[in-house]
$ cat entry22.pdb   # PDB, C-alpha atoms
ATOM      1  CA  MET A   1     -20.702-178.638-136.364  1.00  0.00           C
ATOM      2  CA  HIS A   2     -22.271-176.963-139.312  1.00  0.00           C
ATOM      3  CA  CYS A   3     -25.696-178.489-138.492  1.00  0.00           C
ATOM      4  CA  GLN A   4     -25.462-177.286-134.907  1.00  0.00           C
ATOM      5  CA  LEU A   5     -24.729-173.725-136.042  1.00  0.00           C
ATOM      6  CA  THR A   6     -27.661-173.750-138.442  1.00  0.00           C
ATOM      7  CA  ARG A   7     -30.009-174.967-135.750  1.00  0.00           C
ATOM      8  CA  ASP A   8     -28.769-172.296-133.317  1.00  0.00           C
ATOM      9  CA  ARG A   9     -29.124-169.656-136.000  1.00  0.00           C
ATOM     10  CA  SER A  10     -32.751-170.679-136.748  1.00  0.00           C
ATOM     11  CA  VAL A  11     -33.623-170.672-133.028  1.00  0.00           C
ATOM     12  CA  ALA A  12     -32.116-167.200-132.695  1.00  0.00           C
ATOM     13  CA  HIS A  13     -34.038-166.066-135.786  1.00  0.00           C
ATOM     14  CA  VAL A  14     -37.325-167.389-134.353  1.00  0.00           C
ATOM     15  CA  LEU A  15     -36.678-165.665-130.991  1.00  0.00           C
ATOM     16  CA  TRP A  16     -35.737-162.396-132.724  1.00  0.00           C
ATOM     17  CA  THR A  17     -38.918-162.504-134.903  1.00  0.00           C
ATOM     18  CA  ALA A  18     -41.129-163.363-131.911  1.00  0.00           C
ATOM     19  CA  GLY A  19     -39.646-160.478-129.899  1.00  0.00           C
ATOM     20  CA  TRP A  20     -40.449-157.961-132.630  1.00  0.00           C
ATOM     21  CA  ALA A  21     -43.956-159.379-133.045  1.00  0.00           C
ATOM     22  CA  VAL A  22     -44.669-158.945-129.319  1.00  0.00           C
ATOM     23  CA  PHE A  23     -43.285-155.388-129.495  1.00  0.00           C
ATOM     24  CA  PHE A  24     -45.510-154.461-132.457  1.00  0.00           C
ATOM     25  CA  LEU A  25     -48.637-156.116-131.066  1.00  0.00           C
ATOM     26  CA  ALA A  26     -48.217-154.439-127.683  1.00  0.00           C
ATOM     27  CA  GLY A  27     -47.843-151.072-129.381  1.00  0.00           C
ATOM     28  CA  CYS A  28     -50.884-151.524-131.628  1.00  0.00           C
ATOM     29  CA  ALA A  29     -53.652-151.990-129.049  1.00  0.00           C
ATOM     30  CA  ASN A  30     -56.684-149.738-129.663  1.00  0.00           C
ATOM     31  CA  SER A  31     -59.439-148.833-127.259  1.00  0.00           C
ATOM     32  CA  ASP A  32     -63.105-149.166-128.262  1.00  0.00           C
ATOM     33  CA  SER A  33     -63.406-145.378-128.444  1.00  0.00           C
ATOM     34  CA  ASP A  34     -60.414-145.177-130.821  1.00  0.00           C
ATOM     35  CA  VAL A  35     -61.972-147.775-133.126  1.00  0.00           C
ATOM     36  CA  SER A  36     -65.401-146.096-132.885  1.00  0.00           C
ATOM     37  CA  GLY A  37     -63.866-142.747-133.797  1.00  0.00           C
ATOM     38  CA  VAL A  38     -62.259-144.180-136.920  1.00  0.00           C
ATOM     39  CA  GLN A  39     -65.472-145.984-137.868  1.00  0.00           C
ATOM     40  CA  ALA A  40     -67.469-142.757-137.460  1.00  0.00           C
ATOM     41  CA  ASP A  41     -65.132-140.984-139.879  1.00  0.00           C
ATOM     42  CA  GLU A  42     -65.471-143.659-142.539  1.00  0.00           C
ATOM     43  CA  ALA A  43     -68.373-143.407-144.966  1.00  0.00           C
ATOM     44  CA  GLN A  44     -70.927-146.077-144.175  1.00  0.00           C
ATOM     45  CA  PRO A  45     -72.976-147.689-146.917  1.00  0.00           C
ATOM     46  CA  GLY A  46     -76.522-146.400-147.301  1.00  0.00           C
ATOM     47  CA  GLN A  47     -79.732-148.209-148.154  1.00  0.00           C
ATOM     48  CA  THR A  48     -82.318-146.937-150.618  1.00  0.00           C
ATOM     49  CA  VAL A  49     -85.913-148.153-150.842  1.00  0.00           C
ATOM     50  CA  ILE A  50     -88.155-147.100-153.751  1.00  0.00           C
ATOM     51  CA  ASN A  51     -91.966-147.089-153.296  1.00  0.00           C
ATOM     52  CA  GLY A  52     -91.816-148.678-149.858  1.00  0.00           C
ATOM     53  CA  THR A  53     -94.557-149.192-147.284  1.00  0.00           C
ATOM     54  CA  PHE A  54     -93.583-149.455-143.630  1.00  0.00           C
ATOM     55  CA  ARG A  55     -95.980-150.371-140.842  1.00  0.00           C
ATOM     56  CA  TYR A  56     -95.219-149.635-137.198  1.00  0.00           C
ATOM     57  CA  SER A  57     -97.170-151.891-134.866  1.00  0.00           C
ATOM     58  CA  GLU A  58     -97.433-152.836-131.234  1.00  0.00           C
ATOM     59  CA  ARG A  59     -98.788-156.218-130.109  1.00  0.00           C
ATOM     60  CA  GLY A  60    -100.077-156.891-133.600  1.00  0.00           C
ATOM     61  CA  VAL A  61    -101.969-153.587-133.884  1.00  0.00           C
ATOM     62  CA  ILE A  62    -100.823-151.183-136.625  1.00  0.00           C
ATOM     63  CA  LEU A  63    -100.159-147.781-135.072  1.00  0.00           C
ATOM     64  CA  HIS A  64     -98.798-145.946-138.122  1.00  0.00           C
ATOM     65  CA  GLU A  65     -98.113-146.601-141.779  1.00  0.00           C
ATOM     66  CA  LEU A  66     -95.584-144.755-143.928  1.00  0.00           C
ATOM     67  CA  GLN A  67     -95.731-144.932-147.714  1.00  0.00           C
ATOM     68  CA  ALA A  68     -92.698-143.307-149.310  1.00  0.00           C
ATOM     69  CA  ALA A  69     -91.642-142.786-152.918  1.00  0.00           C
ATOM     70  CA  GLU A  70     -87.983-143.000-151.860  1.00  0.00           C
ATOM     71  CA  MET A  71     -86.284-143.608-148.534  1.00  0.00           C
ATOM     72  CA  ARG A  72     -82.537-143.416-147.993  1.00  0.00           C
ATOM     73  CA  ARG A  73     -80.920-144.537-144.770  1.00  0.00           C
ATOM     74  CA  GLU A  74     -77.546-143.057-143.871  1.00  0.00           C
ATOM     75  CA  GLU A  75     -75.686-144.771-141.049  1.00  0.00           C
ATOM     76  CA  HIS A  76     -73.901-142.312-138.801  1.00  0.00           C
ATOM     77  CA  GLY A  77     -72.553-142.410-135.283  1.00  0.00           C
ATOM     78  CA  ASN A  78     -70.253-145.120-134.003  1.00  0.00           C
ATOM     79  CA  ALA A  79     -70.245-148.450-132.183  1.00  0.00           C
ATOM     80  CA  GLU A  80     -71.376-146.771-128.957  1.00  0.00           C
ATOM     81  CA  VAL A  81     -73.995-144.326-130.273  1.00  0.00           C
ATOM     82  CA  SER A  82     -76.150-145.027-133.329  1.00  0.00           C
ATOM     83  CA  GLU A  83     -77.423-141.991-135.216  1.00  0.00           C
ATOM     84  CA  ASP A  84     -79.218-143.598-138.138  1.00  0.00           C
ATOM     85  CA  VAL A  85     -81.385-141.107-139.997  1.00  0.00           C
ATOM     86  CA  VAL A  86     -83.766-141.911-142.836  1.00  0.00           C
ATOM     87  CA  GLU A  87     -84.320-139.277-145.509  1.00  0.00           C
ATOM     88  CA  VAL A  88     -87.691-139.477-147.248  1.00  0.00           C
ATOM     89  CA  ARG A  89     -87.702-137.963-150.751  1.00  0.00           C
ATOM     90  CA  ASN A  90     -90.117-137.310-153.602  1.00  0.00           C
ATOM     91  CA  GLY A  91     -93.259-137.435-151.491  1.00  0.00           C
ATOM     92  CA  PHE A  92     -94.738-139.566-148.727  1.00  0.00           C
ATOM     93  CA  ASP A  93     -97.974-140.363-146.904  1.00  0.00           C
ATOM     94  CA  LEU A  94     -97.973-140.991-143.148  1.00  0.00           C
ATOM     95  CA  PHE A  95    -101.132-142.528-141.713  1.00  0.00           C
ATOM     96  CA  ILE A  96    -101.329-141.849-137.976  1.00  0.00           C
ATOM     97  CA  GLY A  97    -103.349-144.079-135.686  1.00  0.00           C
ATOM     98  CA  GLY A  98    -103.822-146.896-138.179  1.00  0.00           C
ATOM     99  CA  ASP A  99    -103.065-147.899-141.753  1.00  0.00           C
ATOM    100  CA  ALA A 100    -103.983-146.453-145.156  1.00  0.00           C
ATOM    101  CA  LEU A 101    -107.506-147.866-145.004  1.00  0.00           C
ATOM    102  CA  GLU A 102    -108.384-146.888-141.435  1.00  0.00           C
ATOM    103  CA  HIS A 103    -106.554-144.102-139.606  1.00  0.00           C
ATOM    104  CA  GLU A 104    -107.082-141.071-137.384  1.00  0.00           C
ATOM    105  CA  ALA A 105    -104.921-138.564-139.292  1.00  0.00           C
ATOM    106  CA  HIS A 106    -103.116-138.376-142.623  1.00  0.00           C
ATOM    107  CA  MET A 107     -99.926-136.384-143.236  1.00  0.00           C
ATOM    108  CA  ARG A 108     -98.487-135.729-146.676  1.00  0.00           C
ATOM    109  CA  ALA A 109     -95.339-133.828-147.749  1.00  0.00           C
ATOM    110  CA  GLU A 110     -92.573-133.767-150.330  1.00  0.00           C
ATOM    111  CA  TRP A 111     -89.592-134.404-148.062  1.00  0.00           C
ATOM    112  CA  ALA A 112     -88.805-135.502-144.510  1.00  0.00           C
ATOM    113  CA  THR A 113     -86.200-136.856-142.164  1.00  0.00           C
ATOM    114  CA  LEU A 114     -87.185-139.726-139.899  1.00  0.00           C
ATOM    115  CA  ASP A 115     -85.530-140.787-136.669  1.00  0.00           C
ATOM    116  CA  GLU A 116     -86.739-144.394-136.610  1.00  0.00           C
ATOM    117  CA  LYS A 117     -85.457-145.071-133.105  1.00  0.00           C
ATOM    118  CA  ASN A 118     -87.631-142.337-131.550  1.00  0.00           C
ATOM    119  CA  LEU A 119     -90.299-142.200-134.321  1.00  0.00           C
ATOM    120  CA  ARG A 120     -89.834-138.489-134.863  1.00  0.00           C
ATOM    121  CA  LEU A 121     -90.443-137.117-138.344  1.00  0.00           C
ATOM    122  CA  ILE A 122     -89.639-133.619-139.620  1.00  0.00           C
ATOM    123  CA  ALA A 123     -91.670-132.889-142.750  1.00  0.00           C
ATOM    124  CA  LYS A 124     -90.937-130.064-145.203  1.00  0.00           C
ATOM    125  CA  HIS A 125     -92.349-128.663-148.444  1.00  0.00           C
ATOM    126  CA  ALA A 126     -96.101-128.726-149.156  1.00  0.00           C
ATOM    127  CA  VAL A 127     -97.013-130.330-145.831  1.00  0.00           C
ATOM    128  CA  THR A 128    -100.651-131.186-145.156  1.00  0.00           C
ATOM    129  CA  LEU A 129    -102.213-132.905-142.149  1.00  0.00           C
ATOM    130  CA  GLU A 130    -105.861-133.953-142.231  1.00  0.00           C
ATOM    131  CA  ASN A 131    -107.799-135.229-139.220  1.00  0.00           C
ATOM    132  CA  ALA A 132    -110.798-137.553-139.072  1.00  0.00           C
ATOM    133  CA  GLU A 133    -113.207-134.571-139.119  1.00  0.00           C
ATOM    134  CA  GLY A 134    -111.784-133.317-142.408  1.00  0.00           C
ATOM    135  CA  ASP A 135    -109.896-130.307-140.990  1.00  0.00           C
ATOM    136  CA  ILE A 136    -106.756-129.718-143.064  1.00  0.00           C
ATOM    137  CA  LEU A 137    -103.554-128.068-141.882  1.00  0.00           C
ATOM    138  CA  GLU A 138    -101.224-126.640-144.543  1.00  0.00           C
ATOM    139  CA  THR A 139     -97.676-125.495-143.791  1.00  0.00           C
ATOM    140  CA  GLU A 140     -94.106-125.771-145.068  1.00  0.00           C
ATOM    141  CA  TYR A 141     -92.608-127.351-141.933  1.00  0.00           C
ATOM    142  CA  LEU A 142     -94.095-129.742-139.368  1.00  0.00           C
ATOM    143  CA  VAL A 143     -92.644-131.973-136.660  1.00  0.00           C
ATOM    144  CA  TRP A 144     -94.457-135.181-135.658  1.00  0.00           C
ATOM    145  CA  SER A 145     -93.310-136.982-132.524  1.00  0.00           C
ATOM    146  CA  GLU A 146     -94.835-140.362-131.732  1.00  0.00           C
ATOM    147  CA  ASP A 147     -93.474-140.613-128.190  1.00  0.00           C
ATOM    148  CA  SER A 148     -94.932-137.274-127.078  1.00  0.00           C
ATOM    149  CA  ASN A 149     -98.075-137.766-129.232  1.00  0.00           C
ATOM    150  CA  ARG A 150     -97.947-134.293-130.764  1.00  0.00           C
ATOM    151  CA  VAL A 151     -97.198-132.207-133.842  1.00  0.00           C
ATOM    152  CA  TRP A 152     -95.927-128.631-133.966  1.00  0.00           C
ATOM    153  CA  THR A 153     -94.522-125.918-136.177  1.00  0.00           C
ATOM    154  CA  ASN A 154     -93.301-122.345-135.766  1.00  0.00           C
ATOM    155  CA  ARG A 155     -93.960-121.515-139.431  1.00  0.00           C
ATOM    156  CA  PRO A 156     -97.049-119.940-141.053  1.00  0.00           C
ATOM    157  CA  VAL A 157    -100.085-122.234-141.076  1.00  0.00           C
ATOM    158  CA  THR A 158    -103.427-122.357-142.870  1.00  0.00           C
ATOM    159  CA  ILE A 159    -106.245-124.445-141.408  1.00  0.00           C
ATOM    160  CA  ARG A 160    -109.265-125.227-143.538  1.00  0.00           C
ATOM    161  CA  THR A 161    -112.403-126.446-141.786  1.00  0.00           C
ATOM    162  CA  GLU A 162    -116.031-126.676-142.798  1.00  0.00           C
ATOM    163  CA  ASP A 163    -116.561-123.402-140.890  1.00  0.00           C
ATOM    164  CA  GLY A 164    -113.904-121.375-142.664  1.00  0.00           C
ATOM    165  CA  VAL A 165    -110.184-120.700-142.942  1.00  0.00           C
ATOM    166  CA  ILE A 166    -107.786-119.660-140.186  1.00  0.00           C
ATOM    167  CA  PHE A 167    -104.231-118.434-140.665  1.00  0.00           C
ATOM    168  CA  GLY A 168    -101.552-118.290-138.021  1.00  0.00           C
ATOM    169  CA  GLU A 169     -97.862-118.157-137.198  1.00  0.00           C
ATOM    170  CA  GLY A 170     -97.307-121.578-135.666  1.00  0.00           C
ATOM    171  CA  LEU A 171     -99.318-124.422-134.215  1.00  0.00           C
ATOM    172  CA  GLU A 172     -99.227-127.022-131.440  1.00  0.00           C
ATOM    173  CA  SER A 173    -101.490-130.066-131.581  1.00  0.00           C
ATOM    174  CA  ASP A 174    -101.967-133.648-130.528  1.00  0.00           C
ATOM    175  CA  ALA A 175    -100.614-136.104-133.106  1.00  0.00           C
ATOM    176  CA  ARG A 176    -104.061-136.784-134.525  1.00  0.00           C
ATOM    177  CA  PHE A 177    -104.774-133.075-135.099  1.00  0.00           C
ATOM    178  CA  GLU A 178    -107.918-133.238-132.975  1.00  0.00           C
ATOM    179  CA  THR A 179    -107.065-130.657-130.316  1.00  0.00           C
ATOM    180  CA  TYR A 180    -104.852-127.838-131.539  1.00  0.00           C
ATOM    181  CA  ARG A 181    -103.757-124.342-130.614  1.00  0.00           C
ATOM    182  CA  ILE A 182    -102.925-121.822-133.319  1.00  0.00           C
ATOM    183  CA  ILE A 183    -100.242-119.313-132.405  1.00  0.00           C
ATOM    184  CA  LYS A 184    -101.014-115.743-133.523  1.00  0.00           C
ATOM    185  CA  PRO A 185    -104.259-116.677-135.343  1.00  0.00           C
ATOM    186  CA  ARG A 186    -105.895-114.476-137.940  1.00  0.00           C
ATOM    187  CA  GLY A 187    -108.758-115.013-140.374  1.00  0.00           C
ATOM    188  CA  GLU A 188    -112.504-115.387-140.398  1.00  0.00           C
ATOM    189  CA  MET A 189    -114.754-118.250-139.382  1.00  0.00           C
ATOM    190  CA  VAL A 190    -118.489-118.663-139.412  1.00  0.00           C
ATOM    191  CA  LEU A 191    -119.555-120.034-136.031  1.00  0.00           C
ATOM    192  CA  GLU A 192    -122.496-122.410-135.960  1.00  0.00           C
ATOM    193  CA  GLY A 193    -125.719-120.585-135.056  1.00  0.00           C
ATOM    194  CA  ALA A 194    -124.227-117.114-135.551  1.00  0.00           C
ATOM    195  CA  GLU A 195    -125.917-114.600-137.811  1.00  0.00           C
ATOM    196  CA  LEU A 196    -124.002-112.807-140.531  1.00  0.00           C
ATOM    197  CA  ARG A 197    -124.397-109.002-140.655  1.00  0.00           C
TER     198      ARG A 197
END

$ encode --input "entry22.pdb" --output "structure tokens"
Amino acid sequence: MHCQLTRDRSVAHVLWTAGWAVFFLAGCANSDSDVSGVQADEAQPGQTVINGTFRYSERGVILHELQAAEMRREEHGNAEVSEDVVEVRNGFDLFIGGDALEHEAHMRAEWATLDEKNLRLIAKHAVTLENAEGDILETEYLVWSEDSNRVWTNRPVTIRTEDGVIFGEGLESDARFETYRIIKPRGEMVLEGAELR
């Protein structure tokens, strides 16, 4: 009789434990958005690269090359939407339309943020952009967008060419700084064939 009671008691204990487990598991289901929200709030580990060179290519042809003193990737967003942003610190060189040896334009600045997914870079502090003709743009803020093939700024600009210097309040250009429009230009240039008086 004692053995029978023990066996009944253990069966009842197992059923009682299983019932509570089902209750807790049913009450603990999370949707993907709930999990994504929690993951977005948690600090994600970052990556840091010192003195890195990154080449962006298509079908084996190098389109752009980025040389950075320091790059730090911070992972943001959630499982549904990635918002990875790379911060470039302590100076960089971006070679547009090729690599460091052969390119169509060369950008240099102290700091930038890079959206690698869309290849959009926002450069700040001592920004210069030089085209193949040797024209040099100087500004404190410049946006380069690979997908729209252009650069622009709404900040003061200085453009140095072999013909002179132009100042302005903003600029829009193709990404290679070949065809550009200066907003509110001012300054003096010597036009080829013109006589000075």

$ closest_residue --input "entry22.pdb" --among "A:Val85, A:Ile62, A:Ile136, A:Val49" --to "His106 in chain A" --atoms "all atoms listed in the file"
A:Ile136

$ residues_around --input "entry22.pdb" --residues "Gly170 in chain A" --least-positions-apart "5" --cutoff "6 Å" --atoms "only C-alpha atoms" --output "VMD selection string"
chain A and resid 153 to 156 183

$ residues_around --input "entry22.pdb" --residues "Val88 in chain A" --least-positions-apart "4" --cutoff "9 Å" --atoms "all atoms listed in the file" --output "list in words"
Ala68, Ala69, Glu70, Met71, Arg72, Arg73, Phe92, Glu110, Trp111, Ala112, Thr113, Leu114 and Ala123 of chain A

$ atom_distance --input "entry22.pdb" --atom1 "CA of Glu65 in chain A" --atom2 "CA of Gly97 in chain A"
8.4 Å

$ closest_residue --input "entry22.pdb" --among "A:Glu58, A:Arg176, A:Ser148, A:Leu137" --to "Arg160 in chain A" --atoms "all atoms listed in the file"
A:Leu137

$ atom_distance --input "entry22.pdb" --atom1 "CA of Ala109 in chain A" --atom2 "CA of Ala126 in chain A"
5.3 Å

$ residues_around --input "entry22.pdb" --residues "Glu133 in chain A" --least-positions-apart "5" --cutoff "12 Å" --atoms "only C-alpha atoms" --output "list in words"
His103, Glu104, Ala105, His106, Arg160, Thr161, Glu162, Asp163, Arg176, Phe177, Glu178 and Thr179 of chain A

$ atom_distance --input "entry22.pdb" --atom1 "CA of Gly91 in chain A" --atom2 "CA of Asp174 in chain A"
23.0 Å

$ build_atoms --input "entry22.pdb" --residues "range 98-128 of chain A" --atoms "N, CA and C atoms" --output "CSV table (one decimal), keeping the file's coordinate frame"
chain,number,residue,atom,x,y,z
A,98,GLY,N,-103.3,-145.8,-137.4
A,98,GLY,CA,-103.8,-146.9,-138.2
A,98,GLY,C,-103.1,-147.0,-139.5
A,99,ASP,N,-103.7,-147.7,-140.5
A,99,ASP,CA,-103.1,-147.9,-141.8
A,99,ASP,C,-103.8,-147.0,-142.8
A,100,ALA,N,-103.4,-147.3,-144.1
A,100,ALA,CA,-104.0,-146.5,-145.2
A,100,ALA,C,-105.5,-146.6,-145.3
A,101,LEU,N,-106.1,-147.7,-144.9
A,101,LEU,CA,-107.5,-147.9,-145.0
A,101,LEU,C,-108.3,-147.3,-143.8
A,102,GLU,N,-107.7,-147.4,-142.6
A,102,GLU,CA,-108.4,-146.9,-141.4
A,102,GLU,C,-107.4,-146.2,-140.5
A,103,HIS,N,-107.5,-144.9,-140.4
A,103,HIS,CA,-106.6,-144.1,-139.6
A,103,HIS,C,-107.2,-142.9,-139.0
A,104,GLU,N,-106.5,-142.2,-138.1
A,104,GLU,CA,-107.1,-141.1,-137.4
A,104,GLU,C,-106.6,-139.8,-138.0
A,105,ALA,N,-105.5,-139.8,-138.6
A,105,ALA,CA,-104.9,-138.6,-139.3
A,105,ALA,C,-104.0,-139.0,-140.5
A,106,HIS,N,-103.9,-138.1,-141.4
A,106,HIS,CA,-103.1,-138.4,-142.6
A,106,HIS,C,-102.2,-137.2,-142.9
A,107,MET,N,-100.9,-137.4,-142.9
A,107,MET,CA,-99.9,-136.4,-143.2
A,107,MET,C,-99.3,-136.7,-144.6
A,108,ARG,N,-99.1,-135.6,-145.3
A,108,ARG,CA,-98.5,-135.7,-146.7
A,108,ARG,C,-97.5,-134.6,-146.8
A,109,ALA,N,-96.3,-134.9,-147.5
A,109,ALA,CA,-95.3,-133.8,-147.7
A,109,ALA,C,-94.4,-134.3,-148.8
A,110,GLU,N,-93.5,-133.4,-149.3
A,110,GLU,CA,-92.6,-133.8,-150.3
A,110,GLU,C,-91.3,-134.4,-149.8
A,111,TRP,N,-90.9,-134.0,-148.6
A,111,TRP,CA,-89.6,-134.4,-148.1
A,111,TRP,C,-89.7,-134.5,-146.5
A,112,ALA,N,-88.8,-135.4,-146.0
A,112,ALA,CA,-88.8,-135.5,-144.5
A,112,ALA,C,-87.5,-136.2,-144.1
A,113,THR,N,-87.2,-136.0,-142.8
A,113,THR,CA,-86.2,-136.9,-142.2
A,113,THR,C,-86.9,-137.6,-141.1
A,114,LEU,N,-86.5,-138.9,-140.9
A,114,LEU,CA,-87.2,-139.7,-139.9
A,114,LEU,C,-86.1,-140.3,-139.0
A,115,ASP,N,-86.3,-140.1,-137.7
A,115,ASP,CA,-85.5,-140.8,-136.7
A,115,ASP,C,-86.3,-142.0,-136.3
A,116,GLU,N,-85.9,-143.2,-136.8
A,116,GLU,CA,-86.7,-144.4,-136.6
A,116,GLU,C,-86.7,-144.9,-135.2
A,117,LYS,N,-85.6,-144.6,-134.5
A,117,LYS,CA,-85.5,-145.1,-133.1
A,117,LYS,C,-86.5,-144.4,-132.2
A,118,ASN,N,-86.7,-143.1,-132.4
A,118,ASN,CA,-87.6,-142.3,-131.6
A,118,ASN,C,-89.0,-142.0,-132.3
A,119,LEU,N,-89.1,-142.5,-133.5
A,119,LEU,CA,-90.3,-142.2,-134.3
A,119,LEU,C,-90.6,-140.7,-134.3
A,120,ARG,N,-89.7,-139.9,-134.7
A,120,ARG,CA,-89.8,-138.5,-134.9
A,120,ARG,C,-89.6,-138.1,-136.3
A,121,LEU,N,-90.5,-137.5,-136.9
A,121,LEU,CA,-90.4,-137.1,-138.3
A,121,LEU,C,-90.5,-135.6,-138.5
A,122,ILE,N,-89.6,-135.0,-139.3
A,122,ILE,CA,-89.6,-133.6,-139.6
A,122,ILE,C,-90.0,-133.5,-141.1
A,123,ALA,N,-91.2,-133.0,-141.4
A,123,ALA,CA,-91.7,-132.9,-142.8
A,123,ALA,C,-91.5,-131.5,-143.3
A,124,LYS,N,-91.1,-131.4,-144.6
A,124,LYS,CA,-90.9,-130.1,-145.2
A,124,LYS,C,-91.5,-130.1,-146.6
A,125,HIS,N,-91.9,-128.9,-147.1
A,125,HIS,CA,-92.3,-128.7,-148.4
A,125,HIS,C,-93.7,-129.3,-148.7
A,126,ALA,N,-94.7,-128.4,-148.8
A,126,ALA,CA,-96.1,-128.7,-149.2
A,126,ALA,C,-96.7,-129.7,-148.2
A,127,VAL,N,-96.5,-129.4,-146.9
A,127,VAL,CA,-97.0,-130.3,-145.8
A,127,VAL,C,-98.5,-130.1,-145.6
A,128,THR,N,-99.2,-131.2,-145.6
A,128,THR,CA,-100.7,-131.2,-145.2
A,128,THR,C,-100.9,-132.3,-144.1
